[in-house]
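Source file: run27.cif; contents: mmCIF, C-alpha atoms.
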```
data_structure
loop_
_atom_site.label_atom_id
_atom_site.label_comp_id
_atom_site.auth_asym_id
_atom_site.auth_seq_id
_atom_site.Cartn_x
_atom_site.Cartn_y
_atom_site.Cartn_z
CA MET C 1 0.00 0.00 0.00
CA ALA C 2 2.95 2.31 0.50
CA SER C 3 3.71 2.38 -3.21
CA ILE C 4 0.08 3.22 -4.03
CA TYR C 5 0.09 5.99 -1.43
CA GLU C 6 3.32 7.53 -2.71
CA PHE C 7 2.29 7.09 -6.35
CA SER C 8 -0.99 8.92 -5.71
CA LYS C 9 0.87 11.73 -3.96
CA LYS C 10 3.27 12.16 -6.88
CA ILE C 11 0.36 12.30 -9.34
CA ALA C 12 -1.38 14.99 -7.29
CA GLN C 13 1.83 17.02 -7.01
CA SER C 14 2.38 16.86 -10.77
CA LEU C 15 -1.17 17.96 -11.63
CA LEU C 16 -2.02 20.57 -9.00
CA PRO C 17 -0.36 23.88 -8.03
CA GLN C 18 1.20 24.07 -4.56
CA THR C 19 -1.41 26.47 -3.17
CA LEU C 20 -4.28 24.20 -4.22
CA LEU C 21 -2.46 21.17 -2.80
CA HIS C 22 -2.27 22.91 0.58
CA GLN C 23 -6.01 23.60 0.48
CA LEU C 24 -7.03 20.09 -0.58
CA GLU C 25 -4.53 18.16 1.51
CA PRO C 26 -6.90 17.43 4.45
CA THR C 27 -9.53 15.99 2.10
CA PHE C 28 -7.00 13.84 0.25
CA ARG C 29 -5.63 12.52 3.52
CA GLN C 30 -9.07 11.58 4.88
CA LEU C 31 -9.60 9.38 1.84
CA ALA C 32 -6.08 7.94 1.90
CA ALA C 33 -6.36 7.03 5.60
CA LEU C 34 -9.39 4.74 5.23
CA PRO C 35 -7.44 1.46 4.68
CA TYR C 36 -5.15 2.14 7.65
CA TYR C 37 -7.60 2.59 10.52
CA GLY C 38 -7.26 0.14 13.42
CA ARG C 39 -6.20 -0.11 17.08
CA ARG C 40 -2.60 -1.30 17.12
CA HIS C 41 -0.94 2.11 16.67
CA GLN C 42 -1.79 5.74 17.29
CA CYS C 43 -0.48 9.02 15.93
CA ASN C 44 0.32 11.17 18.97
CA ILE C 45 -0.21 14.37 16.98
CA CYS C 46 -3.67 13.91 15.46
CA GLY C 47 -4.74 11.08 17.82
CA THR C 48 -5.79 8.75 14.98
CA GLN C 49 -5.80 5.03 15.84
CA LEU C 50 -4.23 2.94 13.08
CA ARG C 51 -3.84 -0.68 12.08
CA THR C 52 -0.48 0.35 10.67
CA PHE C 53 1.36 3.47 9.58
CA VAL C 54 2.13 4.00 5.90
CA GLN C 55 5.59 2.52 5.31
CA LEU C 56 7.37 4.88 2.92
CA GLU C 57 10.07 3.72 0.53
CA ARG C 58 12.77 5.51 2.54
CA GLY C 59 11.74 3.59 5.68
CA ASP C 60 9.66 6.22 7.51
CA ALA C 61 6.30 5.43 9.10
CA LEU C 62 3.85 8.12 8.00
CA CYS C 63 0.47 8.91 9.53
CA PRO C 64 -1.95 8.80 6.58
CA LEU C 65 -4.36 11.29 8.16
CA CYS C 66 -2.14 14.17 9.31
CA GLY C 67 1.00 13.31 7.33
CA SER C 68 3.31 13.26 10.34
CA LEU C 69 6.66 11.46 10.16
CA PRO C 70 8.45 9.73 13.08
CA ARG C 71 10.72 12.72 13.71
CA GLN C 72 7.71 15.05 13.94
CA ARG C 73 5.85 12.76 16.34
CA ARG C 74 9.02 12.50 18.44
CA LEU C 75 9.34 16.29 18.40
CA TRP C 76 5.74 16.75 19.53
CA HIS C 77 6.29 14.31 22.41
CA LEU C 78 9.49 16.17 23.33
CA LEU C 79 7.71 19.53 23.26
CA GLN C 80 4.89 18.21 25.43
CA THR C 81 7.07 16.54 28.04
CA GLU C 82 10.39 18.39 28.33
CA TYR C 83 10.50 21.49 26.15
CA LEU C 84 7.06 23.06 26.29
CA PRO C 85 7.46 26.43 24.52
CA LYS C 86 6.22 29.34 26.62
CA GLY C 87 7.50 32.38 24.73
CA PRO C 88 8.11 33.67 21.20
CA THR C 89 8.95 30.64 19.05
CA LEU C 90 10.36 30.50 15.53
CA HIS C 91 9.70 27.29 13.61
CA PHE C 92 11.53 26.57 10.34
CA SER C 93 9.77 24.51 7.65
CA PRO C 94 6.78 23.63 9.84
CA PRO C 95 4.69 20.59 8.81
CA ARG C 96 0.96 21.24 8.89
CA SER C 97 0.29 18.69 11.64
CA LEU C 98 2.68 20.37 14.07
CA SER C 99 2.10 23.98 13.10
CA GLN C 100 -1.62 23.68 13.85
CA LYS C 101 -0.88 22.31 17.31
CA LEU C 102 1.72 24.95 18.12
CA ARG C 103 -0.40 27.79 16.70
CA THR C 104 -3.19 26.80 19.07
CA LEU C 105 -0.75 26.58 21.98
CA LEU C 106 1.21 29.77 21.35
CA SER C 107 -1.09 31.99 19.28
CA GLN C 108 0.74 35.19 18.29
CA ASN C 109 3.95 33.93 19.91
CA TYR C 110 4.31 31.32 17.16
CA VAL C 111 6.15 32.43 14.00
CA THR C 112 6.77 30.13 11.03
CA THR C 113 9.08 30.41 8.04
CA ASP C 114 9.80 28.31 4.97
CA TYR C 115 12.21 29.68 2.37
CA GLU C 116 11.36 27.25 -0.44
CA GLY C 117 7.58 27.46 -0.11
CA GLU C 118 7.21 23.73 0.51
CA PHE C 119 5.32 24.33 3.75
CA LYS C 120 2.63 26.89 4.51
CA ALA C 121 4.33 29.53 6.67
CA ASP C 122 4.14 33.16 7.80
CA HIS C 123 7.44 34.15 6.19
CA ALA C 124 10.10 33.01 3.73
CA TYR C 125 13.21 34.00 5.69
CA ASP C 126 16.72 33.37 4.41
CA ILE C 127 18.22 31.57 7.40
CA THR C 128 21.61 33.20 6.72
CA ALA C 129 20.10 36.71 6.99
CA ILE C 130 17.03 36.57 9.20
CA PRO C 131 15.14 39.90 9.27
CA GLU C 132 14.40 39.76 13.00
CA SER C 133 15.90 41.70 15.88
CA GLU C 134 18.55 40.34 18.21
CA GLU C 135 17.26 38.06 20.98
CA ARG C 136 13.79 38.06 19.41
CA PHE C 137 12.88 34.45 20.18
CA ALA C 138 12.83 32.36 23.34
CA HIS C 139 12.71 29.13 21.34
CA ILE C 140 13.69 27.95 17.87
CA ILE C 141 12.80 24.70 16.11
CA CYS C 142 15.21 23.96 13.28
CA TYR C 143 14.49 20.44 12.03
CA HIS C 144 15.96 19.11 8.79
CA VAL C 145 16.99 22.53 7.52
CA LEU C 146 20.75 23.01 7.94
CA GLU C 147 21.65 20.17 5.58
CA HIS C 148 20.09 22.28 2.79
CA ILE C 149 22.14 25.43 3.53
CA PRO C 150 25.48 25.96 1.72
CA ASP C 151 26.72 28.53 4.27
CA ASP C 152 25.63 26.79 7.46
CA HIS C 153 28.15 28.78 9.53
CA ALA C 154 26.29 32.01 8.65
CA ALA C 155 22.98 30.32 9.46
CA MET C 156 24.17 29.22 12.89
CA LYS C 157 25.44 32.72 13.70
CA GLU C 158 22.02 34.12 12.80
CA LEU C 159 20.23 31.54 14.91
CA TYR C 160 22.44 32.43 17.86
CA ARG C 161 21.84 36.16 17.30
CA ILE C 162 18.05 35.95 17.39
CA LEU C 163 17.83 33.53 20.35
CA GLN C 164 17.26 35.02 23.79
CA PRO C 165 19.75 34.33 26.62
CA GLY C 166 18.46 31.29 28.48
CA GLY C 167 16.47 30.20 25.44
CA TRP C 168 16.68 26.86 23.67
CA MET C 169 16.81 25.58 20.12
CA LEU C 170 16.02 22.03 18.98
CA VAL C 171 18.06 20.88 15.97
CA GLN C 172 17.98 17.73 13.93
CA THR C 173 19.30 16.67 10.52
CA PRO C 174 20.03 13.30 8.93
CA PHE C 175 23.13 11.94 10.68
CA LYS C 176 25.99 9.61 9.80
CA THR C 177 28.92 8.20 11.73
CA GLY C 178 32.39 9.70 11.35
CA PRO C 179 33.10 13.26 10.19
CA ILE C 180 30.77 15.61 8.30
CA TYR C 181 30.77 14.84 4.61
CA GLU C 182 30.86 17.81 2.25
CA ASN C 183 32.07 18.10 -1.34
CA GLU C 184 31.97 21.42 -3.21
CA ALA C 185 32.43 19.60 -6.51
CA VAL C 186 29.00 18.00 -6.05
CA THR C 187 26.55 20.54 -7.50
CA THR C 188 23.78 18.88 -9.53
CA PRO C 189 20.63 17.38 -8.01
CA GLU C 190 21.62 13.97 -9.37
CA GLU C 191 25.06 14.17 -7.77
CA ARG C 192 23.65 15.41 -4.48
CA LEU C 193 21.19 12.54 -4.38
CA GLN C 194 24.04 10.10 -4.88
CA HIS C 195 26.44 11.72 -2.40
CA PHE C 196 24.16 13.19 0.26
CA GLY C 197 21.02 11.07 0.01
CA GLN C 198 18.69 13.78 -1.28
CA ALA C 199 18.75 16.01 -4.35
CA ASP C 200 18.58 19.27 -2.37
CA HIS C 201 21.04 18.37 0.41
CA VAL C 202 24.55 19.84 0.43
CA ARG C 203 26.16 17.73 3.19
CA ILE C 204 25.65 14.91 5.66
CA TYR C 205 26.36 15.80 9.29
CA SER C 206 27.57 13.61 12.06
CA VAL C 207 26.13 14.36 15.50
CA GLN C 208 29.54 15.35 16.85
CA GLY C 209 30.39 17.40 13.77
CA LEU C 210 27.17 19.39 13.96
CA ARG C 211 27.63 19.92 17.70
CA GLN C 212 31.08 21.36 17.09
CA ARG C 213 29.80 23.82 14.52
CA LEU C 214 26.92 24.91 16.75
CA GLU C 215 29.30 25.39 19.68
CA LYS C 216 31.64 27.42 17.48
CA ALA C 217 28.68 29.74 16.83
CA GLY C 218 28.30 30.19 20.61
CA PHE C 219 25.73 27.59 21.65
CA GLN C 220 25.99 25.18 24.52
CA THR C 221 24.79 21.79 23.32
CA LYS C 222 23.66 18.41 24.55
CA VAL C 223 22.40 15.35 22.67
CA LEU C 224 19.19 13.49 23.39
CA LYS C 225 19.20 9.88 22.14
CA PHE C 226 16.02 7.84 22.14
CA HIS C 227 15.73 4.09 22.48
CA GLU C 228 12.95 1.69 21.60
CA SER C 229 10.04 1.41 24.02
CA GLU C 230 6.35 0.54 24.05
CA HIS C 231 5.66 4.24 23.51
CA SER C 232 7.89 4.38 20.44
CA GLN C 233 6.37 1.22 18.93
CA LYS C 234 2.82 2.43 19.45
CA HIS C 235 3.46 5.86 17.95
CA GLY C 236 5.73 4.76 15.11
CA LEU C 237 8.93 6.38 16.38
CA LYS C 238 12.49 5.50 15.37
CA ASN C 239 14.90 3.68 17.63
CA GLY C 240 18.22 5.49 18.06
CA GLU C 241 16.93 8.89 16.91
CA GLN C 242 19.02 11.85 18.13
CA VAL C 243 18.18 15.50 18.72
CA ILE C 244 20.64 18.28 19.58
CA VAL C 245 19.45 20.76 22.20
CA CYS C 246 21.15 24.16 22.04
CA HIS C 247 21.15 26.79 24.77
CA LYS C 248 22.32 30.39 24.81
#
```
What would the structure in this file look like if it were written as structure tokens?
Amino acid sequence: MASIYEFSKKIAQSLLPQTLLHQLEPTFRQLAALPYYGRRHQCNICGTQLRTFVQLERGDALCPLCGSLPRQRRLWHLLQTEYLPKGPTLHFSPPRSLSQKLRTLLSQNYVTTDYEGEFKADHAYDITAIPESEERFAHIICYHVLEHIPDDHAAMKELYRILQPGGWMLVQTPFKTGPIYENEAVTTPEERLQHFGQADHVRIYSVQGLRQRLEKAGFQTKVLKFHESEHSQKHGLKNGEQVIVCHK
């Protein structure tokens, strides 16, 4: 069923403009979710009970109703239990499922941005030159963004500049073991897919390598690593997932 799900999504993306896709997405998902309803699993974001998650080709377990991925469900659990945002929060590339939750929680204190227009957001900020004042935000969520940014050093300096003293930032990217892998000779989408795992990625971080760059920008960091549990199995979360928490 995963191939049918992904095939249908690709067809819709090829036929409909992005703005119309955003509008029709909830309706499409309600129809797509029908074969997956059950009681074995539950999406912790939308609350839907499922027989199974949609198993995507890349290995992720997707909620067919709200479209959440394991990393987003983990993030929501983390925000609910340990890092509940209570002040001005900037969220990069916010998925619909999470942005609706956080908008309800934070109201005007919740600001979203997506430079490429892939996600519905308030702004389209260039992360290397963010048009916000110093120490503007108490919290920043920067998930799966930095691996897209050629000048990630400039991005990290900007993130540090706009974060309030005592504030936190949650960061995650795809990770590998060993050192960060970058190659300036790799420039085409086809080459980037081969070298970095995705056509619009420009590097693959290691956890330690990313920590070092964030600390060079001024952050204090710690790593959260999650292991398999009944909670993770029920909600379709990944074993061994890691998140870097940054403080100023």
| message | Can you pull out the residues contacting region 180-190 of chain C? Cut-off 7 Å, using only C-alpha atoms, and skip same-chain residues under 6 positions away; I want them as a list in words. | response | Ala199, Asp200, Val202, Arg203, Ile204, Tyr205, Ser206 and Gly209 of chain C
Take the selection from the previous step and output its residues with C-alpha atoms, as a CSV table (one decimal), in the frame of the given file.
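Output (part-v3.csv):
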```
chain,number,residue,atom,x,y,z
C,199,ALA,CA,18.8,16.0,-4.4
C,200,ASP,CA,18.6,19.3,-2.4
C,202,VAL,CA,24.6,19.8,0.4
C,203,ARG,CA,26.2,17.7,3.2
C,204,ILE,CA,25.6,14.9,5.7
C,205,TYR,CA,26.4,15.8,9.3
C,206,SER,CA,27.6,13.6,12.1
C,209,GLY,CA,30.4,17.4,13.8
```
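Taking CA of Leu106 (chain C) as the reference point, CA of Gln49 (chain C) is found at 26.3 Å.
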| query | Could you pull the residues within 10 Å of region 216-228 of chain C, counting all atoms listed in the file, minus those fewer than 2 positions along the same chain, as a ChimeraX atom specification? | reply | /C:74,153-161,163,168-171,207-208,210-214,230-233,237-248
Using the selection just defined, write its residues with C-alpha atoms as a short mmCIF file (atom, residue, chain, number, x, y, z; two decimals), in the frame of the given file.
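Below you can see again-v2.cif, which holds the result:
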```cif
data_model
loop_
_atom_site.label_atom_id
_atom_site.label_comp_id
_atom_site.auth_asym_id
_atom_site.auth_seq_id
_atom_site.Cartn_x
_atom_site.Cartn_y
_atom_site.Cartn_z
CA ARG C 74 9.02 12.50 18.44
CA HIS C 153 28.15 28.78 9.53
CA ALA C 154 26.29 32.01 8.65
CA ALA C 155 22.98 30.32 9.46
CA MET C 156 24.17 29.22 12.89
CA LYS C 157 25.44 32.72 13.70
CA GLU C 158 22.02 34.12 12.80
CA LEU C 159 20.23 31.54 14.91
CA TYR C 160 22.44 32.43 17.86
CA ARG C 161 21.84 36.16 17.30
CA LEU C 163 17.83 33.53 20.35
CA TRP C 168 16.68 26.86 23.67
CA MET C 169 16.81 25.58 20.12
CA LEU C 170 16.02 22.03 18.98
CA VAL C 171 18.06 20.88 15.97
CA VAL C 207 26.13 14.36 15.50
CA GLN C 208 29.54 15.35 16.85
CA LEU C 210 27.17 19.39 13.96
CA ARG C 211 27.63 19.92 17.70
CA GLN C 212 31.08 21.36 17.09
CA ARG C 213 29.80 23.82 14.52
CA LEU C 214 26.92 24.91 16.75
CA GLU C 230 6.35 0.54 24.05
CA HIS C 231 5.66 4.24 23.51
CA SER C 232 7.89 4.38 20.44
CA GLN C 233 6.37 1.22 18.93
CA LEU C 237 8.93 6.38 16.38
CA LYS C 238 12.49 5.50 15.37
CA ASN C 239 14.90 3.68 17.63
CA GLY C 240 18.22 5.49 18.06
CA GLU C 241 16.93 8.89 16.91
CA GLN C 242 19.02 11.85 18.13
CA VAL C 243 18.18 15.50 18.72
CA ILE C 244 20.64 18.28 19.58
CA VAL C 245 19.45 20.76 22.20
CA CYS C 246 21.15 24.16 22.04
CA HIS C 247 21.15 26.79 24.77
CA LYS C 248 22.32 30.39 24.81
#
```
| Residues picked by the PyMOL selection byres ((chain C and resi 40) around 9) here, as a ChimeraX atom specification? | /C:38-39,41-42,49-52,234
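CA of Pro179 (chain C) to CA of Phe196 (chain C) spans 13.4 Å [interatomic distance, one decimal].
Pairwise distance (CA of Tyr115 (chain C), CA of Arg71 (chain C)) equals 20.5 Å.
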| query | Any chance you could work out the residue set of the PyMOL selection byres ((chain C and resi 108) around 12) here, as a VMD selection string? | reply | chain C and resid 86 to 90 102 to 107 109 to 112 122
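A cut-off of 10 Å from the point (20.3, 9.9, 1.8), with all atoms listed in the file, picks out the residues C:Arg58, C:Pro174, C:Phe175, C:Lys176, C:Arg192, C:Leu193, C:Gln194, C:His195, C:Phe196, C:Gly197, C:Gln198, C:Ala199, C:His201, C:Arg203, C:Ile204.
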Once the PyMOL selection byres ((chain C and resi 60-63) around 12) has been evaluated on this model, what residues remain selected, and can you format them as a PDB file with C-alpha atoms, in the coordinates of the input?
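Ended up saving to selection_17.pdb:
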```
ATOM      1  CA  ALA C   2       2.950   2.310   0.500  1.00  0.00           C
ATOM      2  CA  TYR C   5       0.090   5.990  -1.430  1.00  0.00           C
ATOM      3  CA  GLU C   6       3.320   7.530  -2.710  1.00  0.00           C
ATOM      4  CA  ARG C  29      -5.630  12.520   3.520  1.00  0.00           C
ATOM      5  CA  GLN C  30      -9.070  11.580   4.880  1.00  0.00           C
ATOM      6  CA  ALA C  32      -6.080   7.940   1.900  1.00  0.00           C
ATOM      7  CA  ALA C  33      -6.360   7.030   5.600  1.00  0.00           C
ATOM      8  CA  LEU C  34      -9.390   4.740   5.230  1.00  0.00           C
ATOM      9  CA  PRO C  35      -7.440   1.460   4.680  1.00  0.00           C
ATOM     10  CA  TYR C  36      -5.150   2.140   7.650  1.00  0.00           C
ATOM     11  CA  TYR C  37      -7.600   2.590  10.520  1.00  0.00           C
ATOM     12  CA  HIS C  41      -0.940   2.110  16.670  1.00  0.00           C
ATOM     13  CA  GLN C  42      -1.790   5.740  17.290  1.00  0.00           C
ATOM     14  CA  CYS C  43      -0.480   9.020  15.930  1.00  0.00           C
ATOM     15  CA  ASN C  44       0.320  11.170  18.970  1.00  0.00           C
ATOM     16  CA  ILE C  45      -0.210  14.370  16.980  1.00  0.00           C
ATOM     17  CA  CYS C  46      -3.670  13.910  15.460  1.00  0.00           C
ATOM     18  CA  GLY C  47      -4.740  11.080  17.820  1.00  0.00           C
ATOM     19  CA  THR C  48      -5.790   8.750  14.980  1.00  0.00           C
ATOM     20  CA  GLN C  49      -5.800   5.030  15.840  1.00  0.00           C
ATOM     21  CA  LEU C  50      -4.230   2.940  13.080  1.00  0.00           C
ATOM     22  CA  ARG C  51      -3.840  -0.680  12.080  1.00  0.00           C
ATOM     23  CA  THR C  52      -0.480   0.350  10.670  1.00  0.00           C
ATOM     24  CA  PHE C  53       1.360   3.470   9.580  1.00  0.00           C
ATOM     25  CA  VAL C  54       2.130   4.000   5.900  1.00  0.00           C
ATOM     26  CA  GLN C  55       5.590   2.520   5.310  1.00  0.00           C
ATOM     27  CA  LEU C  56       7.370   4.880   2.920  1.00  0.00           C
ATOM     28  CA  GLU C  57      10.070   3.720   0.530  1.00  0.00           C
ATOM     29  CA  ARG C  58      12.770   5.510   2.540  1.00  0.00           C
ATOM     30  CA  GLY C  59      11.740   3.590   5.680  1.00  0.00           C
ATOM     31  CA  PRO C  64      -1.950   8.800   6.580  1.00  0.00           C
ATOM     32  CA  LEU C  65      -4.360  11.290   8.160  1.00  0.00           C
ATOM     33  CA  CYS C  66      -2.140  14.170   9.310  1.00  0.00           C
ATOM     34  CA  GLY C  67       1.000  13.310   7.330  1.00  0.00           C
ATOM     35  CA  SER C  68       3.310  13.260  10.340  1.00  0.00           C
ATOM     36  CA  LEU C  69       6.660  11.460  10.160  1.00  0.00           C
ATOM     37  CA  PRO C  70       8.450   9.730  13.080  1.00  0.00           C
ATOM     38  CA  ARG C  71      10.720  12.720  13.710  1.00  0.00           C
ATOM     39  CA  GLN C  72       7.710  15.050  13.940  1.00  0.00           C
ATOM     40  CA  ARG C  73       5.850  12.760  16.340  1.00  0.00           C
ATOM     41  CA  SER C  97       0.290  18.690  11.640  1.00  0.00           C
ATOM     42  CA  SER C 232       7.890   4.380  20.440  1.00  0.00           C
ATOM     43  CA  GLN C 233       6.370   1.220  18.930  1.00  0.00           C
ATOM     44  CA  LYS C 234       2.820   2.430  19.450  1.00  0.00           C
ATOM     45  CA  HIS C 235       3.460   5.860  17.950  1.00  0.00           C
ATOM     46  CA  GLY C 236       5.730   4.760  15.110  1.00  0.00           C
ATOM     47  CA  LEU C 237       8.930   6.380  16.380  1.00  0.00           C
ATOM     48  CA  LYS C 238      12.490   5.500  15.370  1.00  0.00           C
ATOM     49  CA  ASN C 239      14.900   3.680  17.630  1.00  0.00           C
TER      50      ASN C 239
END
```
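When all atoms listed in the file are used to compute distances to Pro95 (chain C), the closest of the residues C:Ile141, C:Leu78, C:Ile149, C:Ile130 turns out to be C:Ile141.
Taking only C-alpha atoms into account, Leu79 (chain C) lies nearest to C:Ile140 out of the set C:Leu146, C:Leu31, C:Ile140, C:Ala121.
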Adding 8 Å on each side of the box along x, y and z that holds all listed atoms of region 176-195 of chain C, could you give its centre and edge lengths in Å to one decimal, as lines of an AutoDock Vina configuration file?
```
center_x = 26.9
center_y = 14.8
center_z = 1.1
size_x = 28.5
size_y = 29.2
size_z = 37.3
```
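For the choices C:Pro94, C:Glu147, C:Thr177, C:Ser133, the atom-to-atom distance to Gln164 (chain C) is smallest for C:Ser133 when using all atoms listed in the file.
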